[in-house]
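Visitor: Data file target-v9.pdb (PDB, C-alpha atoms and all ligand atoms) is appended below.
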```pdb
ATOM      1  CA  MET A   1      -9.454 -17.183  52.346
ATOM      2  CA  SER A   2     -10.687 -13.728  51.355
ATOM      3  CA  GLN A   3     -14.344 -13.190  50.614
ATOM      4  CA  PHE A   4     -13.266 -12.295  47.046
ATOM      5  CA  ALA A   5     -11.270 -15.471  46.443
ATOM      6  CA  ALA A   6     -13.821 -16.809  44.003
ATOM      7  CA  ARG A   7     -14.198 -13.584  42.023
ATOM      8  CA  ILE A   8     -12.476 -14.420  38.767
ATOM      9  CA  PRO A   9     -12.732 -11.968  35.861
ATOM     10  CA  ARG A  10     -14.895 -13.387  33.090
ATOM     11  CA  HIS A  11     -12.914 -11.581  30.399
ATOM     12  CA  VAL A  12      -9.232 -10.643  30.688
ATOM     13  CA  ALA A  13      -7.512  -8.467  28.070
ATOM     14  CA  ILE A  14      -3.729  -8.111  27.960
ATOM     15  CA  ILE A  15      -1.279  -5.689  26.341
ATOM     16  CA  MET A  16       1.893  -7.777  26.257
ATOM     17  CA  ASP A  17       4.561  -5.071  26.279
ATOM     18  CA  GLY A  18       8.292  -5.154  26.902
ATOM     19  CA  ASN A  19       9.670  -7.902  24.661
ATOM     20  CA  GLY A  20      12.277  -5.647  23.072
ATOM     21  CA  ARG A  21      13.499  -4.241  26.388
ATOM     22  CA  TRP A  22      13.663  -7.717  27.920
ATOM     23  CA  ALA A  23      15.969  -8.828  25.094
ATOM     24  CA  ARG A  24      18.108  -5.678  25.218
ATOM     25  CA  ALA A  25      18.630  -6.064  28.953
ATOM     26  CA  ARG A  26      20.154  -9.466  28.207
ATOM     27  CA  GLY A  27      22.303  -8.270  25.339
ATOM     28  CA  LEU A  28      20.085 -10.159  22.896
ATOM     29  CA  PRO A  29      18.487  -8.935  19.650
ATOM     30  CA  ARG A  30      14.798  -7.881  19.860
ATOM     31  CA  PRO A  31      13.569 -11.052  18.102
ATOM     32  CA  ALA A  32      14.778 -13.074  21.088
ATOM     33  CA  GLY A  33      12.275 -11.127  23.199
ATOM     34  CA  HIS A  34       9.416 -11.946  20.836
ATOM     35  CA  ARG A  35      10.391 -15.624  20.883
ATOM     36  CA  ALA A  36      10.487 -15.652  24.679
ATOM     37  CA  ALA A  37       7.049 -14.000  24.630
ATOM     38  CA  MET A  38       5.471 -17.046  23.047
ATOM     39  CA  LYS A  39       6.260 -19.225  26.049
ATOM     40  CA  VAL A  40       4.592 -16.748  28.368
ATOM     41  CA  VAL A  41       1.530 -16.632  26.112
ATOM     42  CA  ARG A  42       1.274 -20.417  26.437
ATOM     43  CA  ASN A  43       1.506 -20.258  30.255
ATOM     44  CA  VAL A  44      -1.019 -17.463  30.586
ATOM     45  CA  VAL A  45      -3.513 -19.208  28.298
ATOM     46  CA  GLN A  46      -3.107 -22.392  30.324
ATOM     47  CA  GLU A  47      -3.490 -20.575  33.619
ATOM     48  CA  CYS A  48      -6.561 -18.588  32.559
ATOM     49  CA  SER A  49      -8.102 -21.752  31.201
ATOM     50  CA  ARG A  50      -7.424 -23.589  34.448
ATOM     51  CA  ARG A  51      -8.935 -20.795  36.549
ATOM     52  CA  GLY A  52     -12.135 -20.677  34.565
ATOM     53  CA  VAL A  53     -11.665 -17.336  32.794
ATOM     54  CA  GLY A  54     -14.181 -17.279  29.952
ATOM     55  CA  TYR A  55     -12.432 -14.982  27.479
ATOM     56  CA  LEU A  56      -8.826 -13.910  27.068
ATOM     57  CA  THR A  57      -7.971 -11.215  24.521
ATOM     58  CA  LEU A  58      -4.295 -10.698  23.677
ATOM     59  CA  PHE A  59      -2.994  -7.644  21.842
ATOM     60  CA  ALA A  60      -0.417  -9.337  19.635
ATOM     61  CA  PHE A  61       0.071  -6.732  16.874
ATOM     62  CA  SER A  62      -1.491  -3.301  16.549
ATOM     63  CA  SER A  63      -2.509  -1.324  13.465
ATOM     64  CA  GLU A  64       0.430   0.933  14.323
ATOM     65  CA  ASN A  65       2.984  -1.886  14.713
ATOM     66  CA  TRP A  66       3.200  -2.049  10.896
ATOM     67  CA  GLN A  67       5.446   1.025  11.191
ATOM     68  CA  ARG A  68       8.209  -1.004  12.871
ATOM     69  CA  PRO A  69      11.307  -1.962  10.841
ATOM     70  CA  ARG A  70      10.427  -4.369   8.050
ATOM     71  CA  GLU A  71      12.612  -7.154   9.405
ATOM     72  CA  GLU A  72      10.937  -7.014  12.816
ATOM     73  CA  VAL A  73       7.443  -7.088  11.286
ATOM     74  CA  GLY A  74       8.490 -10.041   9.127
ATOM     75  CA  LEU A  75       9.842 -11.879  12.131
ATOM     76  CA  ILE A  76       6.691 -11.323  14.186
ATOM     77  CA  MET A  77       4.484 -12.508  11.320
ATOM     78  CA  GLY A  78       6.701 -15.579  10.998
ATOM     79  CA  LEU A  79       6.273 -16.257  14.711
ATOM     80  CA  PHE A  80       2.484 -16.068  14.340
ATOM     81  CA  LEU A  81       2.620 -18.570  11.475
ATOM     82  CA  ASP A  82       4.842 -20.929  13.486
ATOM     83  CA  ALA A  83       2.657 -20.569  16.562
ATOM     84  CA  LEU A  84      -0.427 -21.477  14.555
ATOM     85  CA  GLU A  85       1.325 -24.529  13.215
ATOM     86  CA  ARG A  86       2.650 -25.671  16.590
ATOM     87  CA  GLU A  87      -0.015 -24.688  19.100
ATOM     88  CA  VAL A  88      -3.416 -25.157  17.524
ATOM     89  CA  ALA A  89      -3.694 -28.916  18.050
ATOM     90  CA  ASP A  90      -2.873 -28.503  21.723
ATOM     91  CA  LEU A  91      -5.322 -25.618  22.161
ATOM     92  CA  HIS A  92      -7.995 -27.701  20.453
ATOM     93  CA  GLU A  93      -7.292 -30.619  22.749
ATOM     94  CA  ASN A  94      -7.763 -28.257  25.700
ATOM     95  CA  ARG A  95     -11.149 -27.175  24.317
ATOM     96  CA  VAL A  96      -9.935 -23.621  23.626
ATOM     97  CA  ARG A  97     -11.903 -21.701  21.017
ATOM     98  CA  LEU A  98      -9.600 -19.492  18.978
ATOM     99  CA  ARG A  99     -10.643 -16.269  17.271
ATOM    100  CA  PHE A 100      -8.667 -13.508  15.598
ATOM    101  CA  ILE A 101      -9.726  -9.885  15.554
ATOM    102  CA  GLY A 102      -8.266  -7.138  13.390
ATOM    103  CA  ALA A 103      -7.897  -6.031   9.780
ATOM    104  CA  ARG A 104      -7.482  -9.496   8.277
ATOM    105  CA  GLU A 105      -7.200  -8.103   4.750
ATOM    106  CA  THR A 106      -3.857  -6.514   5.696
ATOM    107  CA  LEU A 107      -2.302  -9.909   6.524
ATOM    108  CA  ALA A 108      -0.505 -12.275   4.179
ATOM    109  CA  ALA A 109      -2.932 -14.734   2.571
ATOM    110  CA  GLN A 110      -1.139 -17.715   4.112
ATOM    111  CA  LEU A 111      -1.497 -16.314   7.628
ATOM    112  CA  ASP A 112      -5.129 -15.374   7.061
ATOM    113  CA  GLN A 113      -5.880 -18.883   5.788
ATOM    114  CA  ARG A 114      -4.245 -20.542   8.773
ATOM    115  CA  MET A 115      -6.168 -18.288  11.115
ATOM    116  CA  ALA A 116      -9.426 -19.171   9.391
ATOM    117  CA  ALA A 117      -8.580 -22.882   9.586
ATOM    118  CA  ALA A 118      -7.772 -22.624  13.317
ATOM    119  CA  GLU A 119     -11.023 -20.750  13.938
ATOM    120  CA  ALA A 120     -13.027 -23.342  12.036
ATOM    121  CA  LEU A 121     -11.346 -26.261  13.828
ATOM    122  CA  THR A 122     -11.945 -24.852  17.307
ATOM    123  CA  ALA A 123     -15.315 -23.134  16.723
ATOM    124  CA  GLY A 124     -17.291 -25.797  18.568
ATOM    125  CA  ASN A 125     -15.089 -25.869  21.684
ATOM    126  CA  ASP A 126     -16.619 -24.984  25.044
ATOM    127  CA  GLY A 127     -13.517 -23.952  27.025
ATOM    128  CA  LEU A 128     -11.680 -20.638  27.140
ATOM    129  CA  THR A 129     -12.277 -18.344  24.173
ATOM    130  CA  LEU A 130      -8.879 -16.996  23.140
ATOM    131  CA  LEU A 131      -9.127 -13.836  21.058
ATOM    132  CA  VAL A 132      -5.914 -12.720  19.421
ATOM    133  CA  ALA A 133      -5.801  -9.145  18.144
ATOM    134  CA  VAL A 134      -3.575  -8.920  15.081
ATOM    135  CA  SER A 135      -3.437  -5.767  12.940
ATOM    136  CA  TYR A 136      -6.015  -4.443  15.364
ATOM    137  CA  GLY A 137      -6.690  -0.877  16.502
ATOM    138  CA  GLY A 138      -9.529   0.409  18.658
ATOM    139  CA  ARG A 139     -10.109   3.335  16.311
ATOM    140  CA  TRP A 140     -10.088   1.058  13.279
ATOM    141  CA  ASP A 141     -12.722  -1.072  15.012
ATOM    142  CA  ILE A 142     -15.019   1.879  15.784
ATOM    143  CA  VAL A 143     -14.613   3.381  12.303
ATOM    144  CA  ARG A 144     -15.467   0.031  10.711
ATOM    145  CA  ALA A 145     -18.563  -0.277  12.900
ATOM    146  CA  ALA A 146     -19.641   3.273  11.991
ATOM    147  CA  ARG A 147     -19.154   2.518   8.287
ATOM    148  CA  ARG A 148     -21.253  -0.639   8.534
ATOM    149  CA  LEU A 149     -24.069   1.255  10.251
ATOM    150  CA  ALA A 150     -23.835   4.004   7.622
ATOM    151  CA  GLN A 151     -24.154   1.381   4.891
ATOM    152  CA  GLU A 152     -27.243  -0.076   6.549
ATOM    153  CA  THR A 153     -28.707   3.404   6.859
ATOM    154  CA  ALA A 154     -27.919   4.336   3.260
ATOM    155  CA  ALA A 155     -29.581   1.115   2.093
ATOM    156  CA  GLY A 156     -32.725   2.076   4.003
ATOM    157  CA  ARG A 157     -32.479  -0.901   6.358
ATOM    158  CA  LEU A 158     -31.697   1.114   9.477
ATOM    159  CA  ASP A 159     -33.273   4.259  10.879
ATOM    160  CA  PRO A 160     -30.522   6.564  12.287
ATOM    161  CA  ALA A 161     -32.791   7.114  15.305
ATOM    162  CA  ASP A 162     -32.381   3.418  16.142
ATOM    163  CA  ILE A 163     -28.590   3.625  16.408
ATOM    164  CA  ASP A 164     -27.624   3.136  20.037
ATOM    165  CA  GLU A 165     -24.748   1.597  22.016
ATOM    166  CA  SER A 166     -26.012  -1.900  21.529
ATOM    167  CA  ARG A 167     -26.395  -1.498  17.721
ATOM    168  CA  LEU A 168     -22.891  -0.099  17.444
ATOM    169  CA  GLY A 169     -21.499  -2.802  19.729
ATOM    170  CA  GLU A 170     -22.935  -5.468  17.425
ATOM    171  CA  GLN A 171     -20.690  -4.223  14.628
ATOM    172  CA  LEU A 172     -17.462  -4.291  16.622
ATOM    173  CA  ALA A 173     -14.841  -7.018  16.509
ATOM    174  CA  LEU A 174     -15.910  -8.259  19.962
ATOM    175  CA  ALA A 175     -19.617  -8.471  19.125
ATOM    176  CA  GLY A 176     -21.230 -11.073  21.349
ATOM    177  CA  VAL A 177     -18.290 -11.106  23.788
ATOM    178  CA  PRO A 178     -18.762  -9.494  27.219
ATOM    179  CA  ASP A 179     -16.584  -6.412  27.830
ATOM    180  CA  PRO A 180     -13.222  -7.107  29.484
ATOM    181  CA  ASP A 181     -13.486  -7.032  33.275
ATOM    182  CA  LEU A 182      -9.743  -6.696  33.705
ATOM    183  CA  MET A 183      -7.116  -5.205  31.402
ATOM    184  CA  ILE A 184      -3.489  -5.990  32.197
ATOM    185  CA  ARG A 185      -0.563  -4.126  30.650
ATOM    186  CA  THR A 186       2.987  -5.285  31.280
ATOM    187  CA  GLY A 187       6.159  -3.344  30.555
ATOM    188  CA  GLY A 188       5.695  -0.287  32.759
ATOM    189  CA  GLU A 189       3.773   2.060  30.445
ATOM    190  CA  GLN A 190       0.395   3.231  31.668
ATOM    191  CA  ARG A 191      -1.668   3.740  28.546
ATOM    192  CA  ILE A 192      -4.239   1.968  26.384
ATOM    193  CA  SER A 193      -2.347   2.321  23.061
ATOM    194  CA  ASN A 194      -5.438   2.069  20.854
ATOM    195  CA  PHE A 195      -6.471  -1.325  22.244
ATOM    196  CA  LEU A 196     -10.192  -2.068  22.734
ATOM    197  CA  LEU A 197     -11.254   1.579  23.087
ATOM    198  CA  TRP A 198     -14.991   0.941  23.166
ATOM    199  CA  ASN A 199     -14.968  -2.271  25.178
ATOM    200  CA  LEU A 200     -12.587  -1.095  27.907
ATOM    201  CA  ALA A 201     -14.967   1.668  29.050
ATOM    202  CA  TYR A 202     -15.514   0.097  32.484
ATOM    203  CA  SER A 203     -12.660  -2.396  32.702
ATOM    204  CA  GLU A 204     -10.432  -2.458  35.750
ATOM    205  CA  LEU A 205      -6.899  -1.550  34.681
ATOM    206  CA  PHE A 206      -3.804  -3.259  36.068
ATOM    207  CA  PHE A 207      -0.398  -1.930  35.064
ATOM    208  CA  CYS A 208       2.748  -3.771  36.026
ATOM    209  CA  ASP A 209       6.418  -3.028  35.462
ATOM    210  CA  VAL A 210       7.362  -6.617  34.660
ATOM    211  CA  LEU A 211       8.370  -7.056  31.014
ATOM    212  CA  TRP A 212       6.145  -9.540  29.175
ATOM    213  CA  PRO A 213       8.752 -12.320  28.751
ATOM    214  CA  ALA A 214       9.243 -12.241  32.552
ATOM    215  CA  PHE A 215       5.526 -12.275  33.380
ATOM    216  CA  GLU A 216       4.761 -15.251  35.629
ATOM    217  CA  VAL A 217       1.776 -16.862  37.292
ATOM    218  CA  GLU A 218       2.480 -14.873  40.477
ATOM    219  CA  HIS A 219       2.026 -11.608  38.508
ATOM    220  CA  LEU A 220      -1.235 -12.860  37.033
ATOM    221  CA  GLN A 221      -2.270 -13.761  40.563
ATOM    222  CA  SER A 222      -1.523 -10.179  41.746
ATOM    223  CA  ALA A 223      -3.678  -8.792  38.960
ATOM    224  CA  PHE A 224      -6.528 -11.152  39.876
ATOM    225  CA  ASP A 225      -6.157 -10.286  43.576
ATOM    226  CA  GLN A 226      -6.323  -6.559  42.863
ATOM    227  CA  PHE A 227      -9.310  -7.123  40.618
ATOM    228  CA  ALA A 228     -11.109  -9.080  43.314
ATOM    229  CA  ALA A 229     -10.528  -6.305  45.854
ATOM    230  CA  ARG A 230     -11.853  -3.483  43.682
ATOM    231  CA  GLU A 231     -15.363  -2.156  43.833
ATOM    232  CA  ARG A 232     -16.869  -1.822  40.366
ATOM    233  CA  ARG A 233     -19.480   0.902  40.371
ATOM    234  CA  PHE A 234     -20.352   1.448  36.700
ATOM    235  CA  GLY A 235     -21.325   5.052  37.457
ATOM    236  CA  LYS A 236     -23.385   4.244  40.560
ATOM    237  CA  THR A 237     -22.564   5.185  44.143
ATOM    238  CA  SER A 238     -20.815   2.817  46.482
ATOM    239  CA  ALA A 239     -23.969   2.614  48.626
ATOM    240  CA  GLN A 240     -26.027   1.564  45.617
ATOM    241  CA  VAL A 241     -23.525  -1.105  44.673
ATOM    242  CA  GLN A 242     -23.436  -2.467  48.234
ATOM    243  CA  ALA A 243     -27.213  -2.575  48.348
ATOM    244  CA  GLY A 244     -27.412  -4.433  45.064
ATOM    245  CA  GLY A 245     -28.020  -1.444  42.825
ATOM    246  CA  ASP A 246     -31.252   0.027  44.167
ATOM    247  CA  ALA A 247     -30.170   2.149  47.144
TER     248      ALA A 247
HETATM  249  C1  LIG B   1       5.483  -6.028  22.585
HETATM  250  O1  LIG B   1       6.785  -5.781  23.020
HETATM  251  C2  LIG B   1       5.393  -6.991  21.440
HETATM  252  C3  LIG B   1       4.730  -6.813  20.271
HETATM  253  C4  LIG B   1       3.990  -5.581  20.002
HETATM  254  C5  LIG B   1       4.664  -7.780  19.153
HETATM  255  C6  LIG B   1       4.951  -9.232  19.333
HETATM  256  C7  LIG B   1       4.071 -10.019  20.201
HETATM  257  C8  LIG B   1       4.321 -11.326  20.470
HETATM  258  C9  LIG B   1       5.479 -12.039  19.864
HETATM  259  C10 LIG B   1       3.397 -12.088  21.346
HETATM  260  C11 LIG B   1       2.779 -13.174  20.516
HETATM  261  C12 LIG B   1       1.398 -13.400  20.850
HETATM  262  C13 LIG B   1       0.548 -14.310  20.292
HETATM  263  C14 LIG B   1      -0.795 -14.456  20.862
HETATM  264  C15 LIG B   1       0.866 -15.150  19.122
HETATM  265  P1  LIG B   1       7.658  -4.604  22.382
HETATM  266  O2  LIG B   1       8.359  -5.124  21.183
HETATM  267  O3  LIG B   1       6.795  -3.418  22.127
HETATM  268  O4  LIG B   1       8.692  -4.331  23.540
HETATM  269  P2  LIG B   1       9.417  -2.947  23.914
HETATM  270  O5  LIG B   1       8.348  -2.001  24.362
HETATM  271  O6  LIG B   1      10.315  -3.359  25.031
HETATM  272  O7  LIG B   1      10.159  -2.488  22.706
END
```
Hey, can you dump this file as structure tokens for me?
Guide:
Amino acid sequence: MSQFAARIPRHVAIIMDGNGRWARARGLPRPAGHRAAMKVVRNVVQECSRRGVGYLTLFAFSSENWQRPREEVGLIMGLFLDALEREVADLHENRVRLRFIGARETLAAQLDQRMAAAEALTAGNDGLTLLVAVSYGGRWDIVRAARRLAQETAAGRLDPADIDESRLGEQLALAGVPDPDLMIRTGGEQRISNFLLWNLAYSELFFCDVLWPAFEVEHLQSAFDQFAARERRFGKTSAQVQAGGDA
């Protein structure tokens, strides 16, 4: 067993890309790819839960995904509604705490209400925290945080000199959640696509060519293995890290 075998990322973030291409490669319409994606989400949640990952953040729908054809957006929103209906009881039973991040006001009222109900039901759970990013964009998140700080400042409750990384971080969607240790992107593209821009500052990035509907436990294992073998320096030298930070 490697010396890193026990090093599990506390927070894993995933860009689940490649549903459309997976469907096309099989001569199926794009929606078939999104449907197949749901099964993989279930497996990955289960697997992360089993391995003791603390937080899993999934990029389900970006601020920019609203620009897709209307029928595709409608189908994806329908899938979210169905998933909430079908999966929440099981997640609750497995002590998963569910949270949604993103511009909730842009979602249909019915979806927003179901999300709120799922969050309330699972709020007290002590297992994996599953954060689902819907209508989320990293820039949106930072702009919203800046606006909130500006409001506090304008109201005289905050001195601009007191604004620092921690104050800004408290206003972000992932306030109170440790930064992702590992960010996985499937589907072959090597970019961040406006995901958690602030929080990914020091995350280890793992890009794989496998399309999301074909992503299996063995691929998750590869990502975890690579993560365990990397040296995280956070701006320090390797010697400092080896010596525990003070060399
Ligand atoms: C990515 O593949 C898929 C999306 C951006 C949207 C749909 C996501 C899901 C159905 C996963 C559901 C997740 C949860 C947590 C409910 P793509 O369509 O961009 O694929 P392509 O790059 O091959 O076109």
Visitor: Mind listing the residues within 6 Å of ligand LIG 1 (chain B), all atoms listed in the file counted, as a ChimeraX atom specification?
Guide: /A:16-21,34,37-38,58,60-61,76,80,132
Visitor: Let me make sure I understand: among A:Asn125, A:Gln67, A:Asn199, A:Thr106, which one has the smallest atom-to-atom distance to Glu93 in chain A if we use all atoms listed in the file?
Guide: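 Among A:Asn125, A:Gln67, A:Asn199, A:Thr106, it is A:Asn125 that comes nearest to Glu93 in chain A.
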Visitor: Given the PyMOL selection byres (((chain A and resi 185-191) around 8) and not hetatm) and the file above, list the residues it selects as a ChimeraX atom specification.
Guide: /A:14-18,183-184,192-193,205-212,215
Visitor: Which value, in Å to one decimal, gives the distance between CA of Glu72 in chain A and CA of Gly138 in chain A?
Guide: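 Value for the CA of Glu72 in chain A-CA of Gly138 in chain A distance: 22.5 Å.
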Visitor: Select, from A:Trp198, A:Phe59, A:Phe100, A:Phe224, the residue with the minimum atom-to-atom distance to Val143 in chain A, counting all atoms listed in the file.
Guide: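 Nearest to Val143 in chain A: A:Trp198.
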Visitor: Between A:Gln151, A:Ser135, A:Gln46, A:Ser62, which one has atoms that come closest to Val96 in chain A, using all atoms listed in the file?
Guide: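 Nearest candidate to Val96 in chain A out of A:Gln151, A:Ser135, A:Gln46, A:Ser62: A:Gln46.
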Visitor: Given the file above and the PyMOL selection byres (((chain A and resi 180) around 6) and not hetatm), which residues are selected, and can you give them as a list of chain:residue names?
Guide: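 Selection result, ordered by chain and number: A:His11, A:Val12, A:Asp179, A:Asp181, A:Leu182, A:Ser203.
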Visitor: In Å to one decimal, how far is CA of Leu91 in chain A from CA of Val44 in chain A?
Guide: 12.5 Å
Visitor: Could you list, as a ChimeraX atom specification, every residue within 8 Å of Thr129 in chain A, counting all atoms listed in the file and ignoring same-chain residues fewer than 4 positions away?
Guide: /A:54-56,96-99
Visitor: Can you work out which one of A:Gly74, A:Gly176, A:Gly33, A:Gly244 has the shortest atom-to-atom distance to Leu111 in chain A, counting only C-alpha atoms?
Guide: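 Using only C-alpha atoms, the shortest distance to Leu111 in chain A belongs to A:Gly74.
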Visitor: In terms of the shortest atom-to-atom distance over only C-alpha atoms, which of A:Ala118, A:Gln242, A:Ala146, A:Ala109 is closest to Arg167 in chain A?
Guide: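 With only C-alpha atoms as the atom set, the closest residue is A:Ala146.
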Visitor: To one decimal place in Å, what is the distance between CA of Leu128 in chain A and CA of Glu231 in chain A?
Guide: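 According to the coordinates, CA of Leu128 in chain A and CA of Glu231 in chain A are separated by 25.2 Å.
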Visitor: Name the closest residue to Cys48 in chain A among the candidates A:Asn94, A:Leu196, A:Ala173, A:Ala228; distances are taken between atoms, counting only C-alpha atoms.
Guide: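 Ranking A:Asn94, A:Leu196, A:Ala173, A:Ala228 by distance to Cys48 in chain A, first place goes to A:Asn94.
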Visitor: So what does the PyMOL selection byres (((chain A and resi 108) around 12) and not hetatm) actually pick up in this one, as a PDB file with C-alpha atoms, in the coordinates of the input?
Guide:
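selection_31.pdb was written with the following content:
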```
ATOM      1  CA  VAL A  73       7.443  -7.088  11.286  1.00  0.00           C
ATOM      2  CA  GLY A  74       8.490 -10.041   9.127  1.00  0.00           C
ATOM      3  CA  MET A  77       4.484 -12.508  11.320  1.00  0.00           C
ATOM      4  CA  GLY A  78       6.701 -15.579  10.998  1.00  0.00           C
ATOM      5  CA  PHE A  80       2.484 -16.068  14.340  1.00  0.00           C
ATOM      6  CA  LEU A  81       2.620 -18.570  11.475  1.00  0.00           C
ATOM      7  CA  ALA A 103      -7.897  -6.031   9.780  1.00  0.00           C
ATOM      8  CA  ARG A 104      -7.482  -9.496   8.277  1.00  0.00           C
ATOM      9  CA  GLU A 105      -7.200  -8.103   4.750  1.00  0.00           C
ATOM     10  CA  THR A 106      -3.857  -6.514   5.696  1.00  0.00           C
ATOM     11  CA  LEU A 107      -2.302  -9.909   6.524  1.00  0.00           C
ATOM     12  CA  ALA A 109      -2.932 -14.734   2.571  1.00  0.00           C
ATOM     13  CA  GLN A 110      -1.139 -17.715   4.112  1.00  0.00           C
ATOM     14  CA  LEU A 111      -1.497 -16.314   7.628  1.00  0.00           C
ATOM     15  CA  ASP A 112      -5.129 -15.374   7.061  1.00  0.00           C
ATOM     16  CA  GLN A 113      -5.880 -18.883   5.788  1.00  0.00           C
ATOM     17  CA  ARG A 114      -4.245 -20.542   8.773  1.00  0.00           C
ATOM     18  CA  MET A 115      -6.168 -18.288  11.115  1.00  0.00           C
ATOM     19  CA  VAL A 134      -3.575  -8.920  15.081  1.00  0.00           C
ATOM     20  CA  SER A 135      -3.437  -5.767  12.940  1.00  0.00           C
TER      21      SER A 135
END
```
Visitor: Can you pull out the residues contacting Asp164 in chain A? Cut-off 12 Å, using only C-alpha atoms, and skip same-chain residues under 6 positions away; I want them as a short mmCIF file (atom, residue, chain, number, x, y, z; two decimals) with C-alpha atoms, keeping the file's coordinate frame.
Guide:
```cif
data_model
loop_
_atom_site.label_atom_id
_atom_site.label_comp_id
_atom_site.auth_asym_id
_atom_site.auth_seq_id
_atom_site.Cartn_x
_atom_site.Cartn_y
_atom_site.Cartn_z
CA ALA A 146 -19.64 3.27 11.99
CA LEU A 149 -24.07 1.25 10.25
CA LEU A 158 -31.70 1.11 9.48
CA GLU A 170 -22.94 -5.47 17.42
CA GLN A 171 -20.69 -4.22 14.63
#
```
Visitor: Do a neighbour search on Arg148 in chain A at 10 Å with all atoms listed in the file, toss out local chain neighbours closer than 6 positions, and write the hits as a list in words.
Guide: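 What passes the distance filter is Ile142, Ala154, Leu168, Gln171 and Leu172 of chain A.
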